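Participant: Input coords01.pdb, format and content: PDB, C-alpha atoms, pLDDT in the B column.
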ATOM      1  CA  MET A   1     139.858  95.403  38.505  1.00 62.00           C
ATOM      2  CA  GLU A   2     136.220  94.358  38.556  1.00 74.00           C
ATOM      3  CA  ARG A   3     136.110  92.235  35.402  1.00 80.00           C
ATOM      4  CA  GLY A   4     135.945  88.537  34.862  1.00 75.00           C
ATOM      5  CA  PRO A   5     136.080  85.698  35.072  1.00 88.00           C
ATOM      6  CA  PHE A   6     137.604  85.010  31.683  1.00 90.00           C
ATOM      7  CA  ALA A   7     137.512  81.261  31.024  1.00 89.00           C
ATOM      8  CA  GLY A   8     137.736  80.863  34.810  1.00 90.00           C
ATOM      9  CA  PHE A   9     140.672  83.289  35.216  1.00 93.00           C
ATOM     10  CA  TYR A  10     140.513  86.541  37.165  1.00 93.00           C
ATOM     11  CA  PRO A  11     142.787  89.590  36.730  1.00 93.00           C
ATOM     12  CA  VAL A  12     145.220  89.859  39.659  1.00 93.00           C
ATOM     13  CA  SER A  13     147.643  92.696  38.923  1.00 93.00           C
ATOM     14  CA  ALA A  14     148.521  94.998  36.054  1.00 92.00           C
ATOM     15  CA  LEU A  15     151.658  94.157  34.066  1.00 88.00           C
ATOM     16  CA  PRO A  16     153.830  96.638  32.189  1.00 84.00           C
ATOM     17  CA  SER A  17     153.087  97.133  28.505  1.00 78.00           C
ATOM     18  CA  GLN A  18     155.198  98.774  25.867  1.00 75.00           C
ATOM     19  CA  LYS A  19     153.848 101.862  24.135  1.00 79.00           C
ATOM     20  CA  GLY A  20     151.066 100.937  21.742  1.00 78.00           C
ATOM     21  CA  GLU A  21     150.505  97.494  23.250  1.00 81.00           C
ATOM     22  CA  PRO A  22     147.225  96.424  24.832  1.00 88.00           C
ATOM     23  CA  GLU A  23     146.633  96.558  28.587  1.00 89.00           C
ATOM     24  CA  ARG A  24     148.174  93.438  30.255  1.00 89.00           C
ATOM     25  CA  TRP A  25     147.248  91.721  33.511  1.00 92.00           C
ATOM     26  CA  ALA A  26     148.523  88.716  35.437  1.00 92.00           C
ATOM     27  CA  ALA A  27     145.628  86.327  35.948  1.00 93.00           C
ATOM     28  CA  ARG A  28     144.890  83.427  38.277  1.00 94.00           C
ATOM     29  CA  HIS A  29     142.352  80.626  38.092  1.00 93.00           C
ATOM     30  CA  SER A  30     140.582  79.478  41.249  1.00 89.00           C
ATOM     31  CA  ASP A  31     142.555  76.204  41.026  1.00 91.00           C
ATOM     32  CA  GLY A  32     145.851  78.152  41.227  1.00 90.00           C
ATOM     33  CA  ARG A  33     146.839  78.100  37.562  1.00 89.00           C
ATOM     34  CA  GLN A  34     148.285  81.353  36.279  1.00 90.00           C
ATOM     35  CA  GLY A  35     147.891  83.146  32.990  1.00 89.00           C
ATOM     36  CA  GLU A  36     148.078  86.479  31.253  1.00 90.00           C
ATOM     37  CA  LEU A  37     145.150  88.658  30.160  1.00 92.00           C
ATOM     38  CA  PHE A  38     145.131  91.337  27.472  1.00 91.00           C
ATOM     39  CA  PHE A  39     142.399  93.948  27.073  1.00 93.00           C
ATOM     40  CA  GLY A  40     141.813  96.040  23.979  1.00 90.00           C
ATOM     41  CA  GLY A  41     139.744  96.631  20.875  1.00 88.00           C
ATOM     42  CA  GLN A  42     138.979  94.862  17.634  1.00 89.00           C
ATOM     43  CA  ASP A  43     142.646  94.985  16.521  1.00 88.00           C
ATOM     44  CA  LEU A  44     143.559  92.844  19.570  1.00 88.00           C
ATOM     45  CA  LEU A  45     140.967  90.248  18.564  1.00 88.00           C
ATOM     46  CA  GLU A  46     142.318  90.166  15.008  1.00 86.00           C
ATOM     47  CA  ALA A  47     145.897  89.746  16.259  1.00 84.00           C
ATOM     48  CA  ALA A  48     144.902  86.971  18.693  1.00 85.00           C
ATOM     49  CA  SER A  49     142.932  85.049  16.080  1.00 83.00           C
ATOM     50  CA  CYS A  50     146.051  84.945  13.850  1.00 80.00           C
ATOM     51  CA  LEU A  51     148.338  83.449  16.505  1.00 81.00           C
ATOM     52  CA  PRO A  52     149.237  79.771  15.988  1.00 81.00           C
ATOM     53  CA  GLN A  53     147.952  77.221  18.495  1.00 79.00           C
ATOM     54  CA  GLY A  54     148.844  73.650  19.405  1.00 77.00           C
ATOM     55  CA  GLY A  55     152.125  71.858  19.918  1.00 78.00           C
ATOM     56  CA  PRO A  56     154.709  74.272  21.320  1.00 85.00           C
ATOM     57  CA  TRP A  57     152.374  77.246  20.819  1.00 83.00           C
ATOM     58  CA  GLY A  58     150.385  78.259  23.839  1.00 77.00           C
ATOM     59  CA  VAL A  59     146.607  78.167  23.920  1.00 80.00           C
ATOM     60  CA  VAL A  60     144.952  81.477  23.059  1.00 86.00           C
ATOM     61  CA  LEU A  61     141.406  82.094  24.309  1.00 89.00           C
ATOM     62  CA  TYR A  62     139.510  85.267  23.472  1.00 90.00           C
ATOM     63  CA  GLY A  63     136.114  86.844  23.673  1.00 90.00           C
ATOM     64  CA  GLU A  64     134.215  90.015  24.392  1.00 89.00           C
ATOM     65  CA  ASP A  65     132.408  91.347  27.442  1.00 87.00           C
ATOM     66  CA  ASP A  66     130.499  94.572  28.022  1.00 87.00           C
ATOM     67  CA  LYS A  67     133.799  96.506  28.382  1.00 89.00           C
ATOM     68  CA  GLY A  68     135.578  95.240  25.275  1.00 88.00           C
ATOM     69  CA  ILE A  69     137.784  92.493  23.860  1.00 91.00           C
ATOM     70  CA  TRP A  70     139.799  90.173  26.119  1.00 93.00           C
ATOM     71  CA  VAL A  71     142.497  87.645  25.261  1.00 91.00           C
ATOM     72  CA  LEU A  72     143.700  84.993  27.714  1.00 91.00           C
ATOM     73  CA  LEU A  73     146.974  83.078  27.556  1.00 87.00           C
ATOM     74  CA  PRO A  74     146.582  80.367  30.207  1.00 86.00           C
ATOM     75  CA  GLY A  75     149.713  78.874  31.730  1.00 82.00           C
ATOM     76  CA  GLU A  76     153.060  80.505  32.270  1.00 83.00           C
ATOM     77  CA  LEU A  77     156.709  80.104  31.418  1.00 84.00           C
ATOM     78  CA  ALA A  78     158.684  78.756  34.346  1.00 88.00           C
ATOM     79  CA  CYS A  79     161.876  79.934  32.604  1.00 92.00           C
ATOM     80  CA  SER A  80     161.906  82.344  29.677  1.00 91.00           C
ATOM     81  CA  LEU A  81     164.784  82.489  27.218  1.00 94.00           C
ATOM     82  CA  ALA A  82     165.417  86.041  28.433  1.00 92.00           C
ATOM     83  CA  GLN A  83     166.579  84.500  31.729  1.00 94.00           C
ATOM     84  CA  LEU A  84     169.125  82.297  29.939  1.00 94.00           C
ATOM     85  CA  GLN A  85     171.124  85.024  28.186  1.00 93.00           C
ATOM     86  CA  GLY A  86     174.814  84.159  28.327  1.00 93.00           C
ATOM     87  CA  LYS A  87     174.225  81.260  30.763  1.00 95.00           C
ATOM     88  CA  ILE A  88     174.101  78.310  28.363  1.00 94.00           C
ATOM     89  CA  SER A  89     176.543  76.608  26.018  1.00 94.00           C
ATOM     90  CA  ALA A  90     176.566  77.122  22.268  1.00 95.00           C
ATOM     91  CA  THR A  91     175.267  73.571  21.813  1.00 95.00           C
ATOM     92  CA  VAL A  92     172.200  74.279  23.971  1.00 95.00           C
ATOM     93  CA  ALA A  93     171.635  77.661  22.269  1.00 95.00           C
ATOM     94  CA  PHE A  94     171.608  75.988  18.849  1.00 95.00           C
ATOM     95  CA  LEU A  95     169.322  73.224  20.153  1.00 95.00           C
ATOM     96  CA  ILE A  96     166.854  75.888  21.325  1.00 95.00           C
ATOM     97  CA  GLY A  97     167.122  77.562  17.906  1.00 94.00           C
ATOM     98  CA  HIS A  98     166.239  74.205  16.353  1.00 94.00           C
ATOM     99  CA  LEU A  99     163.189  73.889  18.649  1.00 92.00           C
ATOM    100  CA  ILE A 100     161.996  77.335  17.557  1.00 92.00           C
ATOM    101  CA  LEU A 101     162.438  76.442  13.878  1.00 92.00           C
ATOM    102  CA  GLU A 102     160.485  73.203  14.411  1.00 91.00           C
ATOM    103  CA  ALA A 103     157.701  75.230  16.014  1.00 88.00           C
ATOM    104  CA  LEU A 104     157.669  77.555  12.997  1.00 88.00           C
ATOM    105  CA  ASP A 105     157.439  74.670  10.487  1.00 89.00           C
ATOM    106  CA  SER A 106     153.679  74.267  10.801  1.00 84.00           C
ATOM    107  CA  VAL A 107     153.129  78.025  10.634  1.00 83.00           C
ATOM    108  CA  HIS A 108     155.320  78.441   7.554  1.00 87.00           C
ATOM    109  CA  ASP A 109     153.907  75.308   5.869  1.00 86.00           C
ATOM    110  CA  SER A 110     150.440  76.872   6.078  1.00 84.00           C
ATOM    111  CA  GLY A 111     151.758  80.066   4.449  1.00 84.00           C
ATOM    112  CA  GLY A 112     151.760  82.129   7.647  1.00 79.00           C
ATOM    113  CA  HIS A 113     154.433  83.765   9.765  1.00 77.00           C
ATOM    114  CA  HIS A 114     154.794  84.653  13.429  1.00 78.00           C
ATOM    115  CA  GLY A 115     156.544  88.012  13.305  1.00 76.00           C
ATOM    116  CA  ARG A 116     156.699  88.525  17.077  1.00 77.00           C
ATOM    117  CA  LEU A 117     159.456  86.167  18.177  1.00 84.00           C
ATOM    118  CA  ALA A 118     161.388  87.465  21.171  1.00 86.00           C
ATOM    119  CA  PRO A 119     163.313  85.769  24.011  1.00 91.00           C
ATOM    120  CA  GLU A 120     160.856  86.895  26.693  1.00 88.00           C
ATOM    121  CA  PHE A 121     157.936  85.174  24.883  1.00 86.00           C
ATOM    122  CA  MET A 122     159.651  81.763  24.628  1.00 90.00           C
ATOM    123  CA  GLY A 123     160.902  79.304  27.205  1.00 91.00           C
ATOM    124  CA  PHE A 124     159.988  76.277  29.256  1.00 91.00           C
ATOM    125  CA  ASP A 125     156.791  75.576  31.162  1.00 85.00           C
ATOM    126  CA  GLN A 126     156.505  73.896  34.587  1.00 84.00           C
ATOM    127  CA  GLN A 127     156.901  70.449  32.971  1.00 86.00           C
ATOM    128  CA  GLY A 128     160.052  71.467  31.054  1.00 88.00           C
ATOM    129  CA  VAL A 129     158.274  71.575  27.681  1.00 88.00           C
ATOM    130  CA  PHE A 130     159.473  74.261  25.262  1.00 89.00           C
ATOM    131  CA  ARG A 131     156.715  76.819  24.592  1.00 88.00           C
ATOM    132  CA  VAL A 132     156.317  79.850  22.361  1.00 87.00           C
ATOM    133  CA  ARG A 133     153.754  82.216  23.853  1.00 82.00           C
ATOM    134  CA  GLY A 134     151.742  84.545  21.723  1.00 75.00           C
ATOM    135  CA  ARG A 135     151.875  88.245  22.404  1.00 77.00           C
ATOM    136  CA  PRO A 136     148.885  89.782  20.646  1.00 77.00           C
ATOM    137  CA  GLY A 137     149.272  93.443  19.911  1.00 71.00           C
ATOM    138  CA  SER A 138     153.066  93.531  20.319  1.00 72.00           C
ATOM    139  CA  SER A 139     155.140  95.087  17.580  1.00 69.00           C
ATOM    140  CA  GLN A 140     156.550  92.839  14.899  1.00 67.00           C
ATOM    141  CA  VAL A 141     160.277  92.254  14.563  1.00 80.00           C
ATOM    142  CA  THR A 142     161.762  94.470  11.858  1.00 70.00           C
ATOM    143  CA  ASP A 143     164.174  92.761   9.484  1.00 64.00           C
ATOM    144  CA  LEU A 144     167.272  94.650   8.394  1.00 68.00           C
ATOM    145  CA  ASP A 145     166.386  93.676   4.811  1.00 71.00           C
ATOM    146  CA  ALA A 146     163.219  95.634   4.036  1.00 74.00           C
ATOM    147  CA  THR A 147     162.544  93.360   1.029  1.00 80.00           C
ATOM    148  CA  ALA A 148     162.615  90.121   3.054  1.00 78.00           C
ATOM    149  CA  ASP A 149     159.409  88.110   3.166  1.00 83.00           C
ATOM    150  CA  PRO A 150     157.808  87.599   6.614  1.00 83.00           C
ATOM    151  CA  GLN A 151     158.841  83.926   6.826  1.00 82.00           C
ATOM    152  CA  ALA A 152     162.473  84.858   6.182  1.00 83.00           C
ATOM    153  CA  THR A 153     162.193  87.477   8.929  1.00 82.00           C
ATOM    154  CA  ASP A 154     160.978  84.751  11.325  1.00 84.00           C
ATOM    155  CA  CYS A 155     164.086  82.714  10.501  1.00 85.00           C
ATOM    156  CA  TRP A 156     166.317  85.774  10.863  1.00 84.00           C
ATOM    157  CA  SER A 157     164.737  86.335  14.296  1.00 87.00           C
ATOM    158  CA  VAL A 158     165.639  82.776  15.320  1.00 92.00           C
ATOM    159  CA  GLY A 159     169.285  83.568  14.526  1.00 90.00           C
ATOM    160  CA  GLY A 160     168.913  86.696  16.651  1.00 90.00           C
ATOM    161  CA  VAL A 161     167.550  84.638  19.549  1.00 93.00           C
ATOM    162  CA  VAL A 162     170.524  82.237  19.336  1.00 94.00           C
ATOM    163  CA  HIS A 163     172.851  85.262  19.281  1.00 92.00           C
ATOM    164  CA  PHE A 164     171.065  86.633  22.362  1.00 93.00           C
ATOM    165  CA  LEU A 165     171.327  83.278  24.189  1.00 95.00           C
ATOM    166  CA  LEU A 166     175.074  83.323  23.612  1.00 94.00           C
ATOM    167  CA  GLY A 167     175.292  86.721  25.333  1.00 92.00           C
ATOM    168  CA  GLY A 168     174.473  89.123  22.481  1.00 90.00           C
ATOM    169  CA  SER A 169     171.943  91.931  22.402  1.00 87.00           C
ATOM    170  CA  TRP A 170     168.254  91.864  21.524  1.00 83.00           C
ATOM    171  CA  PRO A 171     166.900  92.848  19.074  1.00 76.00           C
ATOM    172  CA  PRO A 172     169.506  91.658  16.577  1.00 69.00           C
ATOM    173  CA  GLU A 173     171.644  94.315  14.957  1.00 69.00           C
ATOM    174  CA  SER A 174     173.480  94.420  11.656  1.00 65.00           C
ATOM    175  CA  GLY A 175     177.148  93.491  11.877  1.00 65.00           C
ATOM    176  CA  ALA A 176     176.983  92.282  15.483  1.00 61.00           C
ATOM    177  CA  ASP A 177     179.923  90.088  16.473  1.00 65.00           C
ATOM    178  CA  LEU A 178     179.234  86.622  17.824  1.00 59.00           C
ATOM    179  CA  PRO A 179     179.684  86.705  21.608  1.00 62.00           C
TER     180      PRO A 179
END
Have the structure of the file written as structure tokens, please.
Facilitator:
Amino acid sequence: MERGPFAGFYPVSALPSQKGEPERWAARHSDGRQGELFFGGQDLLEAASCLPQGGPWGVVLYGEDDKGIWVLLPGELACSLAQLQGKISATVAFLIGHLILEALDSVHDSGGHHGRLAPEFMGFDQQGVFRVRGRPGSSQVTDLDATADPQATDCWSVGGVVHFLLGGSWPPESGADLP
């Protein structure tokens, strides 16, 4: 791909995207740092500008070039929660659930919601710090209760992540037994 640099990062290789998601690329900075690039239209920019930043939330950089909108998530997860399914104790799974809820506090206190929580977007960086990465343009988690407010759906998703960490399926399903 002959685009870039984007905040010093260059696209390296295309990454798989789910249907309806923006084009994704692995990116690398000249100093060796890695990241993830998304390419799309105005809807991608709107989604990226709504993602929380700071603390456990990853940095989100975005802009526009002559070929369209780009969004950069610098850094990477050394270990995503998807890699931990069924490999940790219940105590650790609940501790991780607590870390996710702490991360959501600032978002919920400001009246917002995340809506895109999933095990593959959360985990630990190279320094062992828990991170929640944004995923602009990904589909939102659908709550089983269609009348639930978005913040309640975030909390329901955290329960689903704990269930997944204990060996259950993702996304959460109604009536699923605890593993």
Participant: Suppose you want the space between CA of Gly123 in chain A and CA of Asp43 in chain A; what is it in Å?
Facilitator: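 Separating CA of Gly123 in chain A from CA of Asp43 in chain A is a distance of 26.3 Å.
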Participant: So which one's closest to Asp149 in chain A, A:Ser169, A:Pro136, A:Gly112, A:Ser30? Using all atoms listed in the file, please.
Facilitator: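 Of the candidates, the smallest distance to Asp149 in chain A is held by A:Gly112.
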Participant: Determine the nearest neighbour of Val60 in chain A from the options A:Gly35, A:Ile96, A:Ala78, A:Val107, counting only C-alpha atoms.
Facilitator: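 Counting only C-alpha atoms, the residue closest to Val60 in chain A is A:Gly35.
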Participant: For the provided coordinates, the residues matched by the PyMOL selection byres ((chain A and resi 105) around 12) should be stated as a PyMOL selection string.
Facilitator: chain A and resi 52+55-57+98-104+106-114+151+154-155
Participant: With C-alpha atoms retained, write the just-selected residues as an mmCIF file, keeping the file's coordinate frame.
Facilitator:
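See result-v3.cif below for the written result:
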data_model
loop_
_atom_site.group_PDB
_atom_site.id
_atom_site.type_symbol
_atom_site.label_atom_id
_atom_site.label_comp_id
_atom_site.auth_asym_id
_atom_site.auth_seq_id
_atom_site.Cartn_x
_atom_site.Cartn_y
_atom_site.Cartn_z
ATOM 1 C CA PRO A 52 149.237 79.771 15.988
ATOM 2 C CA GLY A 55 152.125 71.858 19.918
ATOM 3 C CA PRO A 56 154.709 74.272 21.320
ATOM 4 C CA TRP A 57 152.374 77.246 20.819
ATOM 5 C CA HIS A 98 166.239 74.205 16.353
ATOM 6 C CA LEU A 99 163.189 73.889 18.649
ATOM 7 C CA ILE A 100 161.996 77.335 17.557
ATOM 8 C CA LEU A 101 162.438 76.442 13.878
ATOM 9 C CA GLU A 102 160.485 73.203 14.411
ATOM 10 C CA ALA A 103 157.701 75.230 16.014
ATOM 11 C CA LEU A 104 157.669 77.555 12.997
ATOM 12 C CA SER A 106 153.679 74.267 10.801
ATOM 13 C CA VAL A 107 153.129 78.025 10.634
ATOM 14 C CA HIS A 108 155.320 78.441 7.554
ATOM 15 C CA ASP A 109 153.907 75.308 5.869
ATOM 16 C CA SER A 110 150.440 76.872 6.078
ATOM 17 C CA GLY A 111 151.758 80.066 4.449
ATOM 18 C CA GLY A 112 151.760 82.129 7.647
ATOM 19 C CA HIS A 113 154.433 83.765 9.765
ATOM 20 C CA HIS A 114 154.794 84.653 13.429
ATOM 21 C CA GLN A 151 158.841 83.926 6.826
ATOM 22 C CA ASP A 154 160.978 84.751 11.325
ATOM 23 C CA CYS A 155 164.086 82.714 10.501
#
Participant: Output as a tab-separated table one row per residue of range 22-60 of chain A within 8 Å of range 65-68 of chain A: the closest atom pair and its distance in Å to one decimal place, counting all atoms listed in the file, sorted by chain and residue number ascending.
Facilitator:
residue	atom	partner	partner_atom	distance
A:Phe39	CA	A:Gly68	CA	7.2
A:Gly40	CA	A:Gly68	CA	6.4
A:Gly41	CA	A:Gly68	CA	6.2
Participant: If the PyMOL selection byres ((chain A and resi 80) around 7) is run on the structure shown, which residues does it catch, given as number ranges by chain?
Facilitator: A: 77-79, 81-83, 119-124
Participant: One number please: CA of Ala152 in chain A to CA of Glu21 in chain A, in Å, one decimal.
Facilitator: 24.4 Å
Participant: Using all atoms listed in the file, which residue out of A:Trp170, A:Phe38, A:Phe130, A:Tyr62 lies closest to Ala14 in chain A?
Facilitator: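 Result for the nearest residue to Ala14 in chain A: A:Phe38.
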Participant: Considering all atoms listed in the file, return as JSON, numbers by chain whatever protein or nucleic-acid residues lie within 7 Å of Pro11 in chain A, sequence-local ones (same chain, fewer than 4 positions apart) excluded.
Facilitator: {"A": [1, 25, 26, 27, 28]}
Participant: To one decimal place in Å, what is the distance between CA of Ala93 in chain A and CA of Gly160 in chain A?
Facilitator: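 Interatomic distance here is 11.0 Å.
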Participant: Please determine, counting only C-alpha atoms, which residue among A:Pro150, A:Gly159, A:Pro171, A:Gly137 has the shortest atom-to-atom distance to Pro22 in chain A.
Facilitator: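 Between A:Pro150, A:Gly159, A:Pro171, A:Gly137, the residue approaching Pro22 in chain A most closely is A:Gly137.
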Participant: Once you've located range 20-58 of chain A in the structure I gave, write it as a PDB file, in the first residue's frame, keeping C-alpha atoms.
Facilitator:
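File produced: selection.pdb:
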ATOM      1  CA  GLY A  20     -19.224  -3.942   7.221  1.00  0.00           C
ATOM      2  CA  GLU A  21     -16.076  -2.978   9.118  1.00  0.00           C
ATOM      3  CA  PRO A  22     -13.482  -0.564   7.757  1.00  0.00           C
ATOM      4  CA  GLU A  23     -10.313  -1.745   6.016  1.00  0.00           C
ATOM      5  CA  ARG A  24      -7.669  -2.716   8.653  1.00  0.00           C
ATOM      6  CA  TRP A  25      -3.884  -2.782   8.384  1.00  0.00           C
ATOM      7  CA  ALA A  26      -1.026  -3.682  10.705  1.00  0.00           C
ATOM      8  CA  ALA A  27       1.276  -0.684  10.959  1.00  0.00           C
ATOM      9  CA  ARG A  28       4.862  -0.109  12.047  1.00  0.00           C
ATOM     10  CA  HIS A  29       6.721   3.030  13.053  1.00  0.00           C
ATOM     11  CA  SER A  30      10.320   3.523  11.947  1.00  0.00           C
ATOM     12  CA  ASP A  31      11.382   3.063  15.597  1.00  0.00           C
ATOM     13  CA  GLY A  32       9.808  -0.432  15.638  1.00  0.00           C
ATOM     14  CA  ARG A  33       6.583   0.351  17.480  1.00  0.00           C
ATOM     15  CA  GLN A  34       3.521  -1.388  16.095  1.00  0.00           C
ATOM     16  CA  GLY A  35      -0.036  -0.229  15.657  1.00  0.00           C
ATOM     17  CA  GLU A  36      -3.233  -0.744  13.739  1.00  0.00           C
ATOM     18  CA  LEU A  37      -4.607   1.451  10.945  1.00  0.00           C
ATOM     19  CA  PHE A  38      -8.208   1.740   9.781  1.00  0.00           C
ATOM     20  CA  PHE A  39      -9.273   3.327   6.496  1.00  0.00           C
ATOM     21  CA  GLY A  40     -12.780   4.462   5.657  1.00  0.00           C
ATOM     22  CA  GLY A  41     -15.189   7.344   5.262  1.00  0.00           C
ATOM     23  CA  GLN A  42     -16.787   9.982   7.431  1.00  0.00           C
ATOM     24  CA  ASP A  43     -18.590   7.358   9.566  1.00  0.00           C
ATOM     25  CA  LEU A  44     -15.169   5.985  10.624  1.00  0.00           C
ATOM     26  CA  LEU A  45     -14.082   9.457  11.734  1.00  0.00           C
ATOM     27  CA  GLU A  46     -17.284   9.899  13.743  1.00  0.00           C
ATOM     28  CA  ALA A  47     -16.832   6.502  15.419  1.00  0.00           C
ATOM     29  CA  ALA A  48     -13.165   7.204  16.242  1.00  0.00           C
ATOM     30  CA  SER A  49     -13.895  10.629  17.705  1.00  0.00           C
ATOM     31  CA  CYS A  50     -16.383   9.023  20.143  1.00  0.00           C
ATOM     32  CA  LEU A  51     -13.927   6.457  21.521  1.00  0.00           C
ATOM     33  CA  PRO A  52     -12.659   7.158  25.057  1.00  0.00           C
ATOM     34  CA  GLN A  53      -8.983   7.996  25.531  1.00  0.00           C
ATOM     35  CA  GLY A  54      -6.588   8.048  28.471  1.00  0.00           C
ATOM     36  CA  GLY A  55      -5.973   5.679  31.343  1.00  0.00           C
ATOM     37  CA  PRO A  56      -6.636   2.102  30.231  1.00  0.00           C
ATOM     38  CA  TRP A  57      -8.062   3.280  26.895  1.00  0.00           C
ATOM     39  CA  GLY A  58      -5.642   3.292  24.023  1.00  0.00           C
TER      40      GLY A  58
END
